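**Q** Here you go, this is structure.pdb (PDB, N, CA and C atoms).
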```pdb
ATOM      1  N   MET V 262     185.896  -8.828  33.282
ATOM      2  CA  MET V 262     185.939  -9.942  32.379
ATOM      3  C   MET V 262     184.528 -10.474  32.175
ATOM      4  N   SER V 263     184.270 -11.002  31.006
ATOM      5  CA  SER V 263     182.935 -11.496  30.685
ATOM      6  C   SER V 263     182.647 -12.825  31.377
ATOM      7  N   ALA V 264     181.415 -13.257  31.280
ATOM      8  CA  ALA V 264     180.989 -14.509  31.913
ATOM      9  C   ALA V 264     181.512 -15.724  31.171
ATOM     10  N   GLY V 265     182.061 -15.550  29.988
ATOM     11  CA  GLY V 265     182.589 -16.666  29.210
ATOM     12  C   GLY V 265     182.162 -16.551  27.763
ATOM     13  N   PRO V 266     182.813 -17.302  26.910
ATOM     14  CA  PRO V 266     182.491 -17.220  25.493
ATOM     15  C   PRO V 266     181.144 -17.873  25.181
ATOM     16  N   ALA V 267     180.587 -17.499  24.047
ATOM     17  CA  ALA V 267     179.347 -18.121  23.589
ATOM     18  C   ALA V 267     179.630 -19.583  23.252
ATOM     19  N   PRO V 268     178.620 -20.428  23.282
ATOM     20  CA  PRO V 268     178.823 -21.846  22.978
ATOM     21  C   PRO V 268     179.529 -22.038  21.637
ATOM     22  N   GLY V 269     180.565 -22.865  21.622
ATOM     23  CA  GLY V 269     181.301 -23.145  20.401
ATOM     24  C   GLY V 269     182.345 -22.111  20.038
ATOM     25  N   ARG V 270     182.508 -21.085  20.842
ATOM     26  CA  ARG V 270     183.474 -20.028  20.524
ATOM     27  C   ARG V 270     184.661 -20.070  21.460
ATOM     28  N   LEU V 271     185.796 -19.654  20.913
ATOM     29  CA  LEU V 271     187.017 -19.515  21.696
ATOM     30  C   LEU V 271     187.306 -18.029  21.805
ATOM     31  N   ARG V 272     187.847 -17.609  22.937
ATOM     32  CA  ARG V 272     188.094 -16.184  23.142
ATOM     33  C   ARG V 272     189.463 -15.988  23.776
ATOM     34  N   VAL V 273     190.170 -14.957  23.288
ATOM     35  CA  VAL V 273     191.428 -14.540  23.896
ATOM     36  C   VAL V 273     191.255 -13.080  24.281
ATOM     37  N   GLU V 274     191.480 -12.780  25.549
ATOM     38  CA  GLU V 274     191.360 -11.408  26.051
ATOM     39  C   GLU V 274     192.713 -10.940  26.562
ATOM     40  N   TRP V 275     193.031  -9.690  26.260
ATOM     41  CA  TRP V 275     194.262  -9.068  26.720
ATOM     42  C   TRP V 275     193.950  -8.244  27.957
ATOM     43  N   SER V 276     194.816  -8.316  28.952
ATOM     44  CA  SER V 276     194.663  -7.508  30.164
ATOM     45  C   SER V 276     195.440  -6.212  29.978
ATOM     46  N   PRO V 277     194.762  -5.071  29.804
ATOM     47  CA  PRO V 277     195.443  -3.803  29.574
ATOM     48  C   PRO V 277     196.472  -3.497  30.661
ATOM     49  N   GLY V 278     197.600  -2.955  30.225
ATOM     50  CA  GLY V 278     198.668  -2.602  31.153
ATOM     51  C   GLY V 278     199.591  -3.760  31.472
ATOM     52  N   SER V 279     199.399  -4.885  30.800
ATOM     53  CA  SER V 279     200.250  -6.049  31.044
ATOM     54  C   SER V 279     200.439  -6.811  29.736
ATOM     55  N   ASP V 280     201.227  -7.873  29.809
ATOM     56  CA  ASP V 280     201.410  -8.764  28.665
ATOM     57  C   ASP V 280     200.570 -10.026  28.831
ATOM     58  N   THR V 281     199.612 -10.002  29.729
ATOM     59  CA  THR V 281     198.840 -11.190  30.066
ATOM     60  C   THR V 281     197.647 -11.379  29.134
ATOM     61  N   LEU V 282     197.508 -12.603  28.637
ATOM     62  CA  LEU V 282     196.371 -12.999  27.819
ATOM     63  C   LEU V 282     195.612 -14.092  28.558
ATOM     64  N   THR V 283     194.299 -14.068  28.451
ATOM     65  CA  THR V 283     193.473 -15.115  29.046
ATOM     66  C   THR V 283     192.652 -15.755  27.943
ATOM     67  N   GLY V 284     192.823 -17.053  27.782
ATOM     68  CA  GLY V 284     192.049 -17.809  26.809
ATOM     69  C   GLY V 284     190.867 -18.453  27.497
ATOM     70  N   SER V 285     189.691 -18.344  26.880
ATOM     71  CA  SER V 285     188.472 -18.962  27.411
ATOM     72  C   SER V 285     187.958 -19.957  26.383
ATOM     73  N   CYS V 286     187.854 -21.199  26.800
ATOM     74  CA  CYS V 286     187.368 -22.269  25.933
ATOM     75  C   CYS V 286     185.848 -22.326  26.004
ATOM     76  N   HIS V 287     185.229 -22.853  24.967
ATOM     77  CA  HIS V 287     183.769 -22.976  24.970
ATOM     78  C   HIS V 287     183.268 -23.928  26.043
ATOM     79  N   CYS V 288     184.167 -24.743  26.631
ATOM     80  CA  CYS V 288     183.757 -25.648  27.713
ATOM     81  C   CYS V 288     183.755 -24.942  29.067
ATOM     82  N   GLY V 289     184.230 -23.686  29.095
ATOM     83  CA  GLY V 289     184.238 -22.923  30.336
ATOM     84  C   GLY V 289     185.594 -22.846  31.010
ATOM     85  N   ALA V 290     186.562 -23.651  30.567
ATOM     86  CA  ALA V 290     187.905 -23.616  31.145
ATOM     87  C   ALA V 290     188.632 -22.358  30.684
ATOM     88  N   GLN V 291     189.553 -21.869  31.528
ATOM     89  CA  GLN V 291     190.350 -20.692  31.195
ATOM     90  C   GLN V 291     191.815 -20.967  31.471
ATOM     91  N   HIS V 292     192.675 -20.283  30.710
ATOM     92  CA  HIS V 292     194.121 -20.415  30.875
ATOM     93  C   HIS V 292     194.728 -19.040  30.656
ATOM     94  N   THR V 293     195.701 -18.671  31.475
ATOM     95  CA  THR V 293     196.365 -17.371  31.378
ATOM     96  C   THR V 293     197.839 -17.579  31.078
ATOM     97  N   ALA V 294     198.360 -16.780  30.140
ATOM     98  CA  ALA V 294     199.777 -16.847  29.776
ATOM     99  C   ALA V 294     200.152 -15.549  29.072
ATOM    100  N   GLU V 295     201.450 -15.347  28.875
ATOM    101  CA  GLU V 295     201.920 -14.169  28.145
ATOM    102  C   GLU V 295     202.163 -14.479  26.671
ATOM    103  N   ASP V 296     202.259 -15.741  26.321
ATOM    104  CA  ASP V 296     202.578 -16.158  24.957
ATOM    105  C   ASP V 296     201.299 -16.500  24.187
ATOM    106  N   PRO V 297     201.002 -15.764  23.103
ATOM    107  CA  PRO V 297     199.782 -16.052  22.355
ATOM    108  C   PRO V 297     199.779 -17.453  21.736
ATOM    109  N   ILE V 298     200.950 -17.966  21.380
ATOM    110  CA  ILE V 298     201.018 -19.316  20.821
ATOM    111  C   ILE V 298     200.600 -20.339  21.869
ATOM    112  N   GLU V 299     201.040 -20.140  23.104
ATOM    113  CA  GLU V 299     200.649 -21.035  24.197
ATOM    114  C   GLU V 299     199.135 -21.016  24.404
ATOM    115  N   ILE V 300     198.549 -19.829  24.376
ATOM    116  CA  ILE V 300     197.104 -19.701  24.568
ATOM    117  C   ILE V 300     196.347 -20.441  23.466
ATOM    118  N   TRP V 301     196.720 -20.195  22.198
ATOM    119  CA  TRP V 301     195.993 -20.834  21.095
ATOM    120  C   TRP V 301     196.217 -22.338  21.064
ATOM    121  N   ALA V 302     197.413 -22.801  21.374
ATOM    122  CA  ALA V 302     197.662 -24.250  21.434
ATOM    123  C   ALA V 302     196.774 -24.882  22.499
ATOM    124  N   TRP V 303     196.652 -24.219  23.642
ATOM    125  CA  TRP V 303     195.809 -24.719  24.726
ATOM    126  C   TRP V 303     194.344 -24.759  24.292
ATOM    127  N   LEU V 304     193.863 -23.672  23.684
ATOM    128  CA  LEU V 304     192.465 -23.616  23.252
ATOM    129  C   LEU V 304     192.144 -24.683  22.204
ATOM    130  N   LEU V 305     193.043 -24.851  21.237
ATOM    131  CA  LEU V 305     192.783 -25.786  20.147
ATOM    132  C   LEU V 305     192.960 -27.239  20.558
ATOM    133  N   ALA V 306     193.495 -27.491  21.739
ATOM    134  CA  ALA V 306     193.671 -28.857  22.238
ATOM    135  C   ALA V 306     192.389 -29.420  22.849
ATOM    136  N   HIS V 307     191.305 -28.653  22.887
ATOM    137  CA  HIS V 307     190.043 -29.117  23.481
ATOM    138  C   HIS V 307     189.598 -30.411  22.820
ATOM    139  N   PRO V 308     189.196 -31.413  23.525
ATOM    140  CA  PRO V 308     188.905 -31.488  24.951
ATOM    141  C   PRO V 308     190.086 -31.959  25.784
ATOM    142  N   ASP V 309     191.258 -32.081  25.168
ATOM    143  CA  ASP V 309     192.407 -32.634  25.884
ATOM    144  C   ASP V 309     193.274 -31.597  26.571
ATOM    145  N   HIS V 310     192.862 -30.327  26.550
ATOM    146  CA  HIS V 310     193.708 -29.316  27.188
ATOM    147  C   HIS V 310     193.685 -29.477  28.700
ATOM    148  N   PRO V 311     194.847 -29.240  29.301
ATOM    149  CA  PRO V 311     194.878 -29.294  30.764
ATOM    150  C   PRO V 311     194.184 -28.074  31.352
ATOM    151  N   VAL V 312     193.556 -28.263  32.461
ATOM    152  CA  VAL V 312     192.923 -27.155  33.168
ATOM    153  C   VAL V 312     193.864 -26.757  34.290
ATOM    154  N   PRO V 313     194.419 -25.521  34.212
ATOM    155  CA  PRO V 313     195.399 -25.116  35.236
ATOM    156  C   PRO V 313     194.784 -24.994  36.616
TER     157      PRO V 313
END
```
Show me the file's structure as structure tokens.

**A**
Amino acid sequence: MSAGPAPGRLRVEWSPGSDTLTGSCHCGAQHTAEDPIEIWAWLLAHPDHPVP
């Protein structure tokens, strides 16, 4: 996995061999889930997204 997204960018990475997605916010927080809608809702909630 990379060190994190570039400043101001949001990133969603898929883990090969699974249904797991990891969202990385430009603030450095990360969230893992299987539902892409959950990941994008979490990312777009910045700065109010919960940090798991």

**Q** Within 6.5 Å of V:Thr283, counting only N, CA and C atoms, which residues show up once you throw out same-chain ones fewer than 5 positions away? Write them as a VMD selection string, please.

**A** chain V and resid 272 to 276 291 to 294

**Q** Go ahead and compute the interatomic distance for atom C of V:His287 and atom CA of V:Glu299, in Å to one decimal.

**A** 17.7 Å

**Q** By how many Å are atom N of V:Trp301 and atom C of V:Cys288 apart?

**A**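 Between atom N of V:Trp301 and atom C of V:Cys288 the gap is 15.4 Å.
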
**Q** As an exercise, work out the distance from atom N of V:Leu304 to atom C of V:Thr281 in Å and give it to one decimal place.

**A** 14.0 Å

**Q** As a PyMOL selection string, please: every residue in chain V that DSSP puts in strand (DSSP E).

**A** chain V and resi 272-275+282-285+291-294

**Q** Let me have the centre and edge lengths in Å, one decimal, of the box along x, y and z around every listed atom of stretch 274-285 of chain V with 4 Å of margin on each side, as AutoDock Vina command-line options.

**A**
```
--center_x 194.7 --center_y -11.3 --center_z 28.5 --size_x 21.5 --size_y 25.4 --size_z 13.9
```

**Q** Which parts of chain V does DSSP call alpha helix (DSSP H) when run on the backbone here, written out as a count of residues only?

**A** 9
